[in-house]
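Engineer: Sharing a structure below in structure tokens format, with a few things to ask.
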Amino acid sequence: MQKVFSKICITNCNTTVDPLAILHQYYQPGEHIIAAIFSPSYMWGSPITFEKVPSNDVFDDHIIMTHIYQHILALVFAIREINENPEILPNDTLGFHIYNDYFTVSRTYQASMDMVSTRGRFIPNYKCDTQNDLVAVIGGPESETCVHMATILSAYKVPQLTYGCAPMMVKRAQAGFSYQTFPNEALQHVGILQLLIYFRWTWIGVISKPEMNEYTERFIQNTLPMFAQSGICIDFIERTPTLSFSTQIPETENSVAKTGSIIMRSSANVVLVYGEIDTMIVLRILLDSSEFDGLSMKTKGKVWILTAQMAFTSLPFQRSTDIHFLHGALSFSSHSRELFGFQKFLQMRNPTSEKEDGFIMDFWQQAFNCIFHKAMADNTNEKICTGEEKLETLPGSVFEMSMTGHSYSIYNAVYAVVHALEAMRLSHKKHESRVLLNPLWQLHHFLRSISFNNSAGETISFDQNGELISGYDITNWVTFPNQSFLQVKVGNIIPKTPTGKGFTIHEEAIVWPQTFEQISNHKDTDDCVQCPEDHYPNQEQNLCLPKVISFLSYGERLGTSLSIFALSFSFITTLVLGIFIRNRNTPIVKANNQNLTYTILISLLLSFLCSLLFIGQPHKVTCLLRQPAFGMIFSVAISCVLAKTITVILAFKATTPGSRMRKWMGGSLAGSIVIFCSIVQATICTVWLVTFPPFPDFDAYSIIGEITVECNEGSVTMFYCVLGYMGFLAIVSFTIAFLARRLPDSFNEAKFITFSMLIFCSVWLSFVPTYLSTKGKFMVAVEIFSILASSTGLLSCIFFPKCIIIVCRSDLNKRECLINRNK
């Protein structure tokens, strides 16, 4: 009845005038939709005079802030990961709808109302899509965006996850539907104060956003007095001019020049910039204006302290301006980690293949300074975009390849919603109801209590106020002549631990302006700074380059060769097993304990296939399986060889008249030996997996220029215990077989076993020094080669001679021949 009523309402509510279209959107359908309101660009145009119906014609152009495009890609990357993972929201697909609000309140309201309308029909409060179930909205990085979208969305109880800001909701009711993937703002205030006290900076200047911004007013009115109580004196508090992209720009020029002059003429050498995502643009404009007045930043050498809400952003006309003023700056940032696969995802972006991305074409043109339309390029003499340009070639002042703190927050926000959906789905599973039919307000209960580990291994959860339980990193800016930069972590501020230590700073790692110049384009520089762990210095040591991800893959020659070798010998082993089963009633097969023979062959087959676990990108499951599987399979094979050797000796001794060995003959002894020896290895592996299980890890230091994705063994001691026990079994088998090598041939397998164990021991004795002397993916290749070589040795020495007799010399496969040979 409700669905029918909704359809009737939709039919009767026709609009005559469509609202202004949101020019930049990115939509991907799905059963559950996570919407987002971002601010990646400004609109440039004449002021609206309300003399005619508003249209997009009043906007002459727009300006993309190329760095914020990474925020969009972080959301797309997270949702793509989730949709490709069958363990998360099985049988459901996750979609997204990303809006651009152009830093304007009206566009924020428009996007918010469009979310609660049927797609393509701007009629708020009427939504009849069978798919496109809105489950949450991510908003930011401006605090104004977060506050204004709450006005609309809170009425619908839509979960709202904000990033890059800590907005104060005007109404308590709105705050109940808001979650901050941004750490507690008060913690940042404490961190700034601790930083000032640590370096004894008691004379500072403050730059903040205009007075109409509630977020900065709260800081000035409530926090700065706390600084004064701790002995911090304020030389000036300057407001940044409002960034206006209209024909009224000249009105702000005088304000810019005045503010820039006050900042640069101040005697305070430390300036705290309390701003938001676009404050860096205004700050650069202020400092550029002071350059014209002869107040050069290079001679002033001020230390800038930047808040976590800020990030490096720029406009096209600032592309060639110097960023050296940031050299030595200290910045607070929400804690972040590099995510595996994200840089590769960025490298794969291409405007020709991403048709649904409504942002990529404009981003591409401004980032690479080119035009897609050839006719326009001919008229303006501008470069034509090919679409094959690579993001990794852009300098850091245009686009960052490393994941920023804001992007990391968006990634975690997406996963928080998904884990809450999954928890709600499981909760309703006993009622056989789908998450799609559950009201949005039920999701809040699960969001409040959610706690999970993201792909970087960090725990994500919210406190009772809906704020992310986390801290801030303190980073140091290092700039380079090619307009790129690094942010090196030099400290952090976290919620107080039981020891009371929440603030940490590593003074020796900080690069200071001017006199403490470090990575430089000049030779013979004494001071250097260490590159971040995901970068390495070039040969001239004046630039940090990103490291490449490395692991032994099937696509490279070494991985392909090893996998072909493993599959080929798996086939050969299967063929040998088939030969023995087909000829199971012949004397040569029956004379040597058939069950042990079959067990050895099956173990060798599994050992060849086991080597494939070592090839390819390491994951949690493969890391847990590969070493224990390899250890168990080989232990079973060697146990069977040992049982065969002992059986051969007992068989010969039992033929002596009156021998007491007859009572030990039979399958029970051999089976007991195999089971006992295997249980010992199984116990070692179980202890290993329970106490120190292997896990995927990154090695950024062994090979210059590479980050090796590897399996950390968890406990090196347990790894060598597994190898040591296999070596012990092999040596015992070799010793017994060597002593029994002169027994009559009719019963004797000892010679073949002796040679096989000699090869096995030689391979694994040479493995240890070789393994320890290699690095990166070649360590994996060494272990694979050892597995294949030792397995091939066992197969060749024990079974190939018998196969030759069975297949080629069937005349010798007779009981009489064996007895005659013995005589």
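Starting from 1 in every chain, residues are counted up; chains themselves are A, B, ... following the order of the structure tokens, and ligands are numbered from 1 as listed.
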What's around segment 695-699 of chain A at 8 Å? Count only C-alpha atoms, leave out sequence neighbours fewer than 5 positions away in its own chain, and write the answer as a PyMOL selection string.

Structural biologist: chain A and resi 618-620+623-624+707-714+776

Engineer: Those same residues - all heavy atoms - I'd like them written as a CSV table (one decimal), in the first residue's frame.

Structural biologist:
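Contents of the output file selection33.csv:
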```csv
chain,number,residue,atom,x,y,z
A,618,PRO,N,51.2,-11.6,-1.6
A,618,PRO,CA,50.9,-12.3,-0.4
A,618,PRO,C,49.6,-11.7,0.3
A,618,PRO,O,49.4,-10.5,0.3
A,618,PRO,CB,52.1,-12.0,0.5
A,618,PRO,CG,53.2,-11.6,-0.4
A,618,PRO,CD,52.5,-11.0,-1.6
A,619,HIS,N,48.7,-12.6,0.7
A,619,HIS,CA,47.5,-12.3,1.5
A,619,HIS,C,47.5,-13.0,2.8
A,619,HIS,O,48.4,-13.8,3.1
A,619,HIS,CB,46.3,-12.6,0.7
A,619,HIS,CG,46.1,-11.9,-0.6
A,619,HIS,ND1,45.8,-10.5,-0.6
A,619,HIS,CD2,46.3,-12.2,-1.9
A,619,HIS,CE1,45.7,-10.1,-1.9
A,619,HIS,NE2,46.0,-11.1,-2.7
A,620,LYS,N,46.6,-12.6,3.6
A,620,LYS,CA,46.5,-13.2,5.0
A,620,LYS,C,46.4,-14.7,4.9
A,620,LYS,O,47.1,-15.4,5.7
A,620,LYS,CB,45.4,-12.6,5.8
A,620,LYS,CG,45.3,-13.1,7.2
A,620,LYS,CD,44.1,-12.4,7.9
A,620,LYS,CE,44.1,-12.8,9.4
A,620,LYS,NZ,43.0,-12.1,10.1
A,623,CYS,N,49.7,-16.4,3.5
A,623,CYS,CA,50.8,-16.3,4.5
A,623,CYS,C,50.6,-17.4,5.6
A,623,CYS,O,51.5,-17.9,6.1
A,623,CYS,CB,50.9,-14.9,5.1
A,623,CYS,SG,51.5,-13.7,3.9
A,624,LEU,N,49.3,-17.5,6.1
A,624,LEU,CA,49.1,-18.5,7.1
A,624,LEU,C,49.3,-19.9,6.7
A,624,LEU,O,49.8,-20.8,7.4
A,624,LEU,CB,47.6,-18.4,7.6
A,624,LEU,CG,47.3,-17.2,8.5
A,624,LEU,CD1,45.8,-17.1,8.8
A,624,LEU,CD2,48.1,-17.3,9.9
A,707,ILE,N,59.5,-1.5,-2.4
A,707,ILE,CA,58.8,-1.9,-1.2
A,707,ILE,C,58.3,-3.4,-1.5
A,707,ILE,O,57.5,-3.6,-2.3
A,707,ILE,CB,57.6,-1.0,-0.9
A,707,ILE,CG1,58.0,0.4,-0.6
A,707,ILE,CG2,56.8,-1.6,0.3
A,707,ILE,CD1,56.9,1.3,-0.3
A,708,THR,N,58.9,-4.3,-0.8
A,708,THR,CA,58.6,-5.7,-1.0
A,708,THR,C,57.4,-6.1,-0.2
A,708,THR,O,57.4,-6.0,1.0
A,708,THR,CB,59.9,-6.6,-0.6
A,708,THR,OG1,61.0,-6.1,-1.4
A,708,THR,CG2,59.6,-8.0,-1.0
A,709,VAL,N,56.4,-6.6,-0.9
A,709,VAL,CA,55.3,-7.2,-0.2
A,709,VAL,C,55.6,-8.7,0.1
A,709,VAL,O,55.9,-9.4,-0.8
A,709,VAL,CB,54.0,-7.1,-1.0
A,709,VAL,CG1,52.8,-7.6,-0.2
A,709,VAL,CG2,53.8,-5.7,-1.6
A,710,GLU,N,55.7,-9.0,1.4
A,710,GLU,CA,56.1,-10.3,1.8
A,710,GLU,C,55.3,-10.9,2.9
A,710,GLU,O,54.4,-10.2,3.5
A,710,GLU,CB,57.6,-10.2,2.2
A,710,GLU,CG,57.8,-9.3,3.4
A,710,GLU,CD,59.2,-9.2,3.9
A,710,GLU,OE1,60.1,-9.7,3.2
A,710,GLU,OE2,59.5,-8.6,5.0
A,711,CYS,N,55.5,-12.1,3.2
A,711,CYS,CA,54.9,-12.8,4.4
A,711,CYS,C,55.9,-12.7,5.5
A,711,CYS,O,57.0,-13.3,5.4
A,711,CYS,CB,54.5,-14.2,4.1
A,711,CYS,SG,53.1,-14.4,3.1
A,712,ASN,N,55.6,-12.0,6.6
A,712,ASN,CA,56.4,-12.0,7.8
A,712,ASN,C,56.1,-13.3,8.5
A,712,ASN,O,55.0,-13.6,8.8
A,712,ASN,CB,56.1,-10.8,8.6
A,712,ASN,CG,57.0,-10.6,9.8
A,712,ASN,OD1,57.3,-11.6,10.5
A,712,ASN,ND2,57.5,-9.4,10.0
A,713,GLU,N,57.2,-14.1,8.8
A,713,GLU,CA,57.0,-15.4,9.3
A,713,GLU,C,56.5,-15.4,10.8
A,713,GLU,O,56.2,-16.4,11.3
A,713,GLU,CB,58.4,-16.2,9.3
A,713,GLU,CG,59.0,-16.2,7.9
A,713,GLU,CD,58.1,-16.8,6.8
A,713,GLU,OE1,57.0,-17.3,7.2
A,713,GLU,OE2,58.4,-16.6,5.7
A,714,GLY,N,56.4,-14.2,11.4
A,714,GLY,CA,55.9,-14.1,12.7
A,714,GLY,C,57.0,-14.5,13.8
A,714,GLY,O,57.3,-13.7,14.6
A,776,GLY,N,64.4,-9.5,-0.7
A,776,GLY,CA,63.2,-9.2,-1.4
A,776,GLY,C,62.5,-10.4,-2.0
A,776,GLY,O,62.5,-11.5,-1.3
```

Engineer: Restricting the calculation to only C-alpha atoms: of A:Lys590, A:His428, A:Lys777, A:His97, which residue gets closest to Ala35 of chain A?

Structural biologist: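 Looking only at the distances to Ala35 of chain A, the closest residue turns out to be A:His97.
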
Engineer: Name the residues of segment 636-721 of chain A that fall into helix (DSSP H, G or I) according to DSSP on the backbone, using the chain letters and numbers of this document, as an NGL selection string.

Structural biologist: :A and (636-654 or 660-664 or 667-691 or 716-721)

Engineer: Based on the selection just made, write C-alpha atoms of those residues as a CSV table (one decimal), in the first residue's frame.

Structural biologist:
```
chain,number,residue,atom,x,y,z
A,636,VAL,CA,54.8,-36.8,5.8
A,637,ALA,CA,56.9,-37.6,2.7
A,638,ILE,CA,60.1,-38.0,4.7
A,639,SER,CA,58.3,-40.0,7.4
A,640,CYS,CA,57.2,-42.4,4.7
A,641,VAL,CA,60.7,-42.7,3.3
A,642,LEU,CA,62.0,-43.4,6.9
A,643,ALA,CA,59.3,-46.0,7.3
A,644,LYS,CA,60.2,-47.6,4.0
A,645,THR,CA,63.9,-47.7,5.1
A,646,ILE,CA,63.1,-49.4,8.4
A,647,THR,CA,60.7,-51.8,6.6
A,648,VAL,CA,63.5,-52.8,4.2
A,649,ILE,CA,65.9,-53.6,7.1
A,650,LEU,CA,63.2,-55.5,9.1
A,651,ALA,CA,62.2,-57.5,6.0
A,652,PHE,CA,65.8,-58.7,5.5
A,653,LYS,CA,66.3,-59.5,9.2
A,654,ALA,CA,63.0,-61.3,9.3
A,660,ARG,CA,62.3,-62.2,16.4
A,661,MET,CA,61.8,-59.5,13.9
A,662,ARG,CA,58.9,-61.3,12.3
A,663,LYS,CA,56.5,-59.9,14.9
A,664,TRP,CA,57.4,-56.3,13.8
A,667,GLY,CA,51.7,-52.3,7.9
A,668,SER,CA,51.1,-51.3,11.5
A,669,LEU,CA,54.7,-50.4,12.2
A,670,ALA,CA,55.1,-48.3,9.1
A,671,GLY,CA,51.9,-46.5,9.8
A,672,SER,CA,52.9,-45.8,13.4
A,673,ILE,CA,56.2,-44.3,12.2
A,674,VAL,CA,54.5,-42.0,9.7
A,675,ILE,CA,51.7,-40.9,12.2
A,676,PHE,CA,54.1,-40.3,15.0
A,677,CYS,CA,56.6,-38.3,12.9
A,678,SER,CA,53.8,-36.3,11.3
A,679,ILE,CA,52.2,-35.5,14.7
A,680,VAL,CA,55.4,-34.0,16.0
A,681,GLN,CA,55.6,-31.6,13.0
A,682,ALA,CA,51.9,-30.8,13.3
A,683,THR,CA,52.4,-29.8,16.9
A,684,ILE,CA,55.3,-27.5,16.0
A,685,CYS,CA,53.1,-25.9,13.3
A,686,THR,CA,50.1,-25.5,15.6
A,687,VAL,CA,52.2,-23.8,18.3
A,688,TRP,CA,53.5,-21.5,15.6
A,689,LEU,CA,50.1,-20.5,14.2
A,690,VAL,CA,48.7,-20.0,17.7
A,691,THR,CA,51.5,-18.0,19.2
A,716,VAL,CA,61.9,-16.9,12.8
A,717,THR,CA,62.6,-19.4,15.5
A,718,MET,CA,59.5,-21.5,14.7
A,719,PHE,CA,60.3,-21.3,11.0
A,720,TYR,CA,63.7,-22.8,11.6
A,721,CYS,CA,62.2,-25.4,14.0
```

Engineer: Show me a table, sorted first by chain and then by increasing residue number, of the residues of segment 145-237 of chain A having an atom at most 10 Å from segment 470-480 of chain A, each with its shortest atom pair and the distance in Å to one decimal, counting only C-alpha atoms and written as CSV.

Structural biologist:
```
residue,atom,partner,partner_atom,distance
A:Thr181,CA,A:Ser470,CA,9.1
A:Phe182,CA,A:Ser470,CA,8.0
A:Pro183,CA,A:Ser470,CA,5.5
A:Asn184,CA,A:Gly471,CA,7.8
A:Glu185,CA,A:Gly471,CA,9.7
A:Leu187,CA,A:Gly471,CA,7.5
A:Gln188,CA,A:Tyr472,CA,7.0
A:Gly191,CA,A:Tyr472,CA,8.4
A:Ile192,CA,A:Ile474,CA,9.7
A:Leu195,CA,A:Ile474,CA,9.6
```

Engineer: For a test of reading the model, state the distance in Å between atom CA of Ser334 of chain A and atom CA of Ala308 of chain A, rounded to one decimal.

Structural biologist: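 That distance, rounded to one decimal, is 6.0 Å.
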
Engineer: For atom CA of His419 of chain A and atom CA of Gly164 of chain A, quote the distance in Å rounded to one decimal.

Structural biologist: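 It comes out at 21.4 Å.
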
Engineer: What is the distance between atom CA of Asp235 of chain A and atom CA of Arg218 of chain A, in Å to one decimal?

Structural biologist: 19.3 Å

Engineer: At a cut-off of 12 Å, using only C-alpha atoms, what residues contact Ser266 of chain A? Leave out same-chain residues fewer than 2 positions from it and give the result as a list in words.

Structural biologist: Trp203, Ile204, Gly205, Val206, Ile234, Asp235, Phe236, Ile237, Glu238, Thr259, Gly260, Ser261, Ile262, Ile263, Met264, Ala268, Asn269, Val270, Val271, Leu295, Lys300, Gly301 and Lys302 of chain A

Engineer: Please, could you write that set of residues out with N, CA and C atoms as a CSV table (one decimal), in the first residue's frame?

Structural biologist:
```csv
chain,number,residue,atom,x,y,z
A,203,TRP,N,56.1,34.0,21.7
A,203,TRP,CA,55.7,35.2,21.0
A,203,TRP,C,55.3,34.8,19.5
A,204,ILE,N,54.0,34.7,19.3
A,204,ILE,CA,53.5,34.1,18.0
A,204,ILE,C,52.4,35.1,17.4
A,205,GLY,N,52.2,34.8,16.1
A,205,GLY,CA,51.1,35.4,15.4
A,205,GLY,C,50.1,34.4,15.1
A,206,VAL,N,48.8,34.8,14.8
A,206,VAL,CA,47.7,33.9,14.5
A,206,VAL,C,47.0,34.4,13.3
A,234,ILE,N,50.3,36.8,22.1
A,234,ILE,CA,49.9,36.9,20.7
A,234,ILE,C,50.2,38.3,20.2
A,235,ASP,N,51.0,38.3,19.1
A,235,ASP,CA,51.4,39.6,18.5
A,235,ASP,C,50.3,40.1,17.7
A,236,PHE,N,49.6,39.3,16.9
A,236,PHE,CA,48.5,39.7,16.0
A,236,PHE,C,47.6,38.5,15.8
A,237,ILE,N,46.3,38.8,15.5
A,237,ILE,CA,45.3,37.9,15.1
A,237,ILE,C,44.7,38.5,13.8
A,238,GLU,N,45.1,37.9,12.7
A,238,GLU,CA,44.7,38.4,11.4
A,238,GLU,C,43.7,37.4,10.7
A,259,THR,N,46.8,42.7,5.0
A,259,THR,CA,47.0,41.6,5.8
A,259,THR,C,48.4,41.0,5.6
A,260,GLY,N,48.8,40.8,4.4
A,260,GLY,CA,50.2,40.3,4.1
A,260,GLY,C,51.3,41.1,4.7
A,261,SER,N,51.1,42.4,4.6
A,261,SER,CA,52.1,43.3,5.2
A,261,SER,C,52.2,43.1,6.7
A,262,ILE,N,51.1,43.1,7.4
A,262,ILE,CA,51.1,42.9,8.8
A,262,ILE,C,51.8,41.6,9.2
A,263,ILE,N,51.5,40.5,8.5
A,263,ILE,CA,52.1,39.2,8.8
A,263,ILE,C,53.6,39.3,8.7
A,264,MET,N,54.1,39.8,7.6
A,264,MET,CA,55.5,39.7,7.3
A,264,MET,C,56.3,40.8,8.0
A,268,ALA,N,57.1,38.4,15.3
A,268,ALA,CA,56.9,37.0,15.7
A,268,ALA,C,57.4,36.1,14.6
A,269,ASN,N,58.3,35.2,14.9
A,269,ASN,CA,58.9,34.3,13.9
A,269,ASN,C,58.1,33.0,13.8
A,270,VAL,N,57.1,32.8,14.7
A,270,VAL,CA,56.2,31.6,14.6
A,270,VAL,C,54.8,32.1,14.4
A,271,VAL,N,54.2,31.5,13.4
A,271,VAL,CA,52.8,31.9,13.0
A,271,VAL,C,51.9,30.7,13.0
A,295,LEU,N,59.0,42.3,1.0
A,295,LEU,CA,59.1,41.6,2.3
A,295,LEU,C,59.2,40.1,1.9
A,300,LYS,N,62.8,36.3,5.8
A,300,LYS,CA,62.1,36.4,7.1
A,300,LYS,C,62.3,35.1,7.9
A,301,GLY,N,62.2,33.9,7.2
A,301,GLY,CA,62.5,32.6,7.8
A,301,GLY,C,61.5,32.3,8.9
A,302,LYS,N,60.2,32.5,8.7
A,302,LYS,CA,59.2,32.2,9.7
A,302,LYS,C,58.9,30.7,9.7
```
